[in-house]
Each structure stands twice: as structure tokens, then as C-alpha cells.
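Engineer: Handing you this structure, nothing more for now.
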Amino acid sequence: MTSLLHRITRRVCLLSALAALTVATGAQAQATLKVTTIPEEAASEQIRKFGPLVKYLERTLGSKVEFVPVSDYPAAVEALVNKQVDLVWFGGFTFVQAKLRSGDKVIPIAQREEDTQFRSVFITQKDSGIKSLADLKGKQVSFGSASSTSGHLMPRSFLLEAGLEPERDFKRVAFSGAHDATIASVVSGRVDAAALDITVWRKFVSENKVDTSKVDVFYTTPPYFNYNWSVHADMPAAQRERIAKALLALSSDNPEGKEVLGLARATRFVPTKADNYKGLEAAGRSAGLIK
């Protein structure tokens, strides 16, 4: 009798353990993948841009995906470093910041093909008399966010190469916080010139949101590596590989992929690695933006 009760008890315990494991596995499968981005554009534009991607990832990964906007560039860094989100669209410089801040525990998994040869542009009103970087001396100049690769770090780096120290040589240095705000600051005349992401500029021009007969580019930088999708190193490798595979599989040959890539201003996503951004880290240190 005692032996029978022992066997029954063991079986009940085993079934309870299996049930608990099943519930835990199901909960893990249903866990929400949280996605965010550096806020280089207005919140409404971020939601519009990333909505179709969220739906694509939900379908491809078979799990719930949620887009979680953040307030500024440093918040995007902290969100991934502290594992409050799972997947982040970083600029090259914010990736470097996150990598250093996390002790090399942030991994880039994909970038746009365009990001292997990225550029920034400097814009001004056409009647400003500014024709070159040298003409910026004594002028009011705006960057985007202080943590922006294309809106601050690399433009500053090329200014320094040209012998211009913004805080010394410009009448005023401003930070707009986002690329669309940067354009607006030049259009409105609040500043004489500004630097920003070339793809955002091209988007505004193509959508007739800026009159190039009045405001246009006067300098385009040399190319550099920029944006990427990054995850935390503590994410299970299998999940990381599934996400990377989904991003790399996007194709403009079908309506879904064409919409997602179009909103990302991308022809396709390609693999990337941390070494691609060593030049940005060196530029950050040279410009005094990384101590």
C-alpha cells in the first residue's frame, strides 16, 4: 500500500512539474519582443515607420511584438543596456555608446546596405552666402541630437578635419534634437546652417517638404558606416538568429517587404559586425565625445 501511494505521489509530482514546464515554455513563446529606435524624427513618424515592421516581425517570428518609443537618444541606449527592450535601431554612434556602456554586451545584427557608405549633408538658405565649410566661421550652426552619428558626430569630425572647432569658430552652436527639426531651424532662419542625415534630407526633398530653391545642400561628407539593428548579448542565440534572418529576408520583390524597406529608406538589410564601427568610436574619441 505504501509503495502504491509512493508511486502515485511521484506520478502526481512529475505531472505537476511537466505542467509547470509547459506553462513556462508557453509563456516564453508568448513573451513580447520590444522594439525601439533612436528618436531621430517626431514620435508620430516613428510609429508610422515602424508599424509595418512590427506586423512583419510578429508574423515571421510567431510572437507578439511591441514598438516602445523613447524620449531621446541616451534613453534608447539605456533601454537596451538595461534589457528593457530587445531590439533597437541605433545610429552608429549610439551603437558605440551602448557597446561601451554595456561592457561589450550589445551586438549589431543587421544594417541597411546604404549604411556601409553613409553620408551627412550641411544645408543653408541659398542667399546666406555660405558655399563651403570655411564660410561657417562666425555663423549660427545647428546639429541634431548630441548623440547623433549623422547629425553631430561625423559632421563635427569633418569640421575638425577642416580646421574648424564649433565652440570656438561658430557664433552659436545649437542642437535641434532631431533631423526634421534641424531642417526646420534652417528654413525658419533660426540658424544659418545645419548638419543632418542625408537620407532624411532626400526624403524631405522627394516629398516636397522643403523648397530647394531656398534651402539646399552646400557640403556632403565623405562616406562612413552608420545605423544598425542591435540586440543584447544575453538574448538567446537562437532568438537572435531568428530576428536577424527575418530582417535579412526582407525583399522589395513583395508588397510587405517593399513597404517595410521603403519606410526604412533601405534597399535591403545586410549582415554587420561591431568592427565596422571602430572608425566611429575613434572619431568620437577624437572629437571629445567619448572620454
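Quick note on naming: the chains in the C-alpha cells go A, B, ... in the order shown, residues restart at 1 in each chain, and ligands are numbered from 1 in order of appearance.
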So that each row is one residue of stretch 67-168 of chain A with an atom at most 7 Å from stretch 197-210 of chain A, can you give its shortest atom pair and the distance in Å to one decimal, using only C-alpha atoms, rows by chain and rising number, as JSON lines?
Structural biologist:
```
{"residue": "A:Arg119", "atom": "CA", "partner": "A:Ile198", "partner_atom": "CA", "distance": 5.9}
{"residue": "A:Ser120", "atom": "CA", "partner": "A:Asp197", "partner_atom": "CA", "distance": 4.9}
{"residue": "A:Val121", "atom": "CA", "partner": "A:Ile198", "partner_atom": "CA", "distance": 5.6}
{"residue": "A:Ser150", "atom": "CA", "partner": "A:Asp197", "partner_atom": "CA", "distance": 5.0}
{"residue": "A:Gly151", "atom": "CA", "partner": "A:Asp197", "partner_atom": "CA", "distance": 5.9}
```
Engineer: Write out, as a Markdown table, each residue of stretch 21-121 of chain A that has an atom at most 9 Å from stretch 275-279 of chain A, together with the closest pair of atoms and their distance in Å to one decimal, counting only C-alpha atoms, rows going by chain and rising number.
Structural biologist:
```
| residue | atom | partner | partner_atom | distance |
| --- | --- | --- | --- | --- |
| A:Gly92 | CA | A:Tyr277 | CA | 6.6 |
| A:Phe93 | CA | A:Tyr277 | CA | 8.1 |
| A:Phe95 | CA | A:Tyr277 | CA | 8.3 |
| A:Val96 | CA | A:Tyr277 | CA | 7.0 |
| A:Thr116 | CA | A:Asn276 | CA | 8.5 |
```
Engineer: Which polymer residues have any atom within 8 Å of an atom of A:Ile38, counting only C-alpha atoms, with same-chain residues fewer than 6 positions away left out, as a VMD selection string?
Structural biologist: chain A and resid 70 72 to 73 76 88 to 91
Engineer: Those selected residues, please, written with C-alpha atoms and delivered as an mmCIF file, in the first residue's frame.
Structural biologist:
```
data_model
loop_
_atom_site.group_PDB
_atom_site.id
_atom_site.type_symbol
_atom_site.label_atom_id
_atom_site.label_comp_id
_atom_site.auth_asym_id
_atom_site.auth_seq_id
_atom_site.Cartn_x
_atom_site.Cartn_y
_atom_site.Cartn_z
ATOM 1 C CA VAL A 70 11.776 56.550 -26.106
ATOM 2 C CA ASP A 72 15.831 60.763 -26.595
ATOM 3 C CA TYR A 73 18.978 59.098 -27.909
ATOM 4 C CA ALA A 76 17.481 54.266 -26.417
ATOM 5 C CA VAL A 88 16.951 48.696 -31.137
ATOM 6 C CA TRP A 89 17.550 50.700 -34.300
ATOM 7 C CA PHE A 90 20.720 52.597 -33.404
ATOM 8 C CA GLY A 91 22.780 55.184 -35.196
#
```
Engineer: Name all residues at most 10 Å from A:Leu247 (count only C-alpha atoms; drop same-chain ones fewer than 2 positions away) and give them as number ranges by chain.
Structural biologist: A: 53, 56-57, 60, 109-112, 229, 241-245, 249-251, 257, 260-261, 268-271
Engineer: Could you find all residues in stretch 44-240 of chain A that DSSP calls alpha helix (DSSP H) from the backbone, and write them as a PyMOL selection string?
Structural biologist: chain A and resi 44-61+73-81+92-101+154-161+166-169+179-187+198-206+237-240
Engineer: Env of A:Phe170: 10 Å cut, atoms = only C-alpha atoms, seq-sep filter 3 positions within chain, self excluded. Answer as a compact mmCIF listing (two decimals) with N, CA and C atoms, in the first residue's frame.
Structural biologist:
```
# COMPACT_ATOMS: atom_id res chain seq x y z
N LEU A 136 31.43 78.89 -42.59
CA LEU A 136 30.63 78.76 -41.37
C LEU A 136 31.21 79.56 -40.21
N LYS A 137 32.43 80.03 -40.35
CA LYS A 137 33.03 80.83 -39.27
C LYS A 137 32.16 82.04 -38.94
N GLY A 138 31.89 82.20 -37.65
CA GLY A 138 31.08 83.33 -37.20
C GLY A 138 29.59 83.17 -37.41
N LYS A 139 29.17 81.96 -37.84
CA LYS A 139 27.75 81.72 -38.11
C LYS A 139 27.09 80.92 -36.99
N GLN A 140 25.75 80.90 -37.02
CA GLN A 140 24.97 80.08 -36.10
C GLN A 140 24.69 78.75 -36.78
N VAL A 141 25.15 77.66 -36.17
CA VAL A 141 25.07 76.34 -36.81
C VAL A 141 24.38 75.35 -35.88
N LEU A 164 38.05 73.53 -38.23
CA LEU A 164 37.00 74.31 -37.58
C LEU A 164 36.60 73.66 -36.26
N GLU A 165 36.69 74.42 -35.18
CA GLU A 165 36.24 73.98 -33.86
C GLU A 165 34.91 74.70 -33.59
N PRO A 166 33.79 73.97 -33.60
CA PRO A 166 32.48 74.63 -33.49
C PRO A 166 32.37 75.62 -32.34
N GLU A 167 32.74 75.21 -31.13
CA GLU A 167 32.59 76.10 -29.98
C GLU A 167 33.50 77.33 -30.06
N VAL A 173 26.36 77.43 -31.33
CA VAL A 173 26.15 76.01 -31.65
C VAL A 173 24.83 75.59 -31.03
```
Engineer: In terms of the shortest atom-to-atom distance over only C-alpha atoms, which of A:Gln97, A:Ser147, A:Asn82, A:Ser132 is closest to A:Ala162?
Structural biologist: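 So, comparing all the options, the nearest one is A:Ser132.
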Engineer: With only C-alpha atoms as the counted atoms, please give the residues lying no more than 8 Å from A:Asp115, apart from itself and same-chain residues fewer than 6 positions off, as a PDB file with C-alpha atoms, in the first residue's frame.
Structural biologist:
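result01.pdb written:
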```pdb
ATOM      1  CA  TYR A 224      31.213  56.196 -43.204  1.00  0.00           C
ATOM      2  CA  PHE A 225      29.418  53.243 -41.540  1.00  0.00           C
ATOM      3  CA  ASN A 226      26.192  54.153 -39.785  1.00  0.00           C
ATOM      4  CA  TYR A 227      22.922  52.680 -38.482  1.00  0.00           C
ATOM      5  CA  ASN A 228      22.219  49.108 -37.359  1.00  0.00           C
TER       6      ASN A 228
END
```
Engineer: Run DSSP on the backbone and grab whatever in stretch 75-115 of chain A lands in strand (DSSP E); send it over as a PyMOL selection string.
Structural biologist: chain A and resi 87-90+106-112
Engineer: Between atom CA of A:Lys83 and atom CA of A:Leu33, what distance in Å does the model show, to one decimal?
Structural biologist: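 Going from atom CA of A:Lys83 over to atom CA of A:Leu33 covers 11.1 Å.
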Engineer: Mind pulling up the distance from atom CA of A:His152 to atom CA of A:Ser102?
Structural biologist: 22.4 Å
Engineer: Could you jot down the atom CA of A:Arg240 to atom CA of A:Pro69 separation for me, Å, one decimal place?
Structural biologist: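 Separation between atom CA of A:Arg240 and atom CA of A:Pro69: 21.3 Å.
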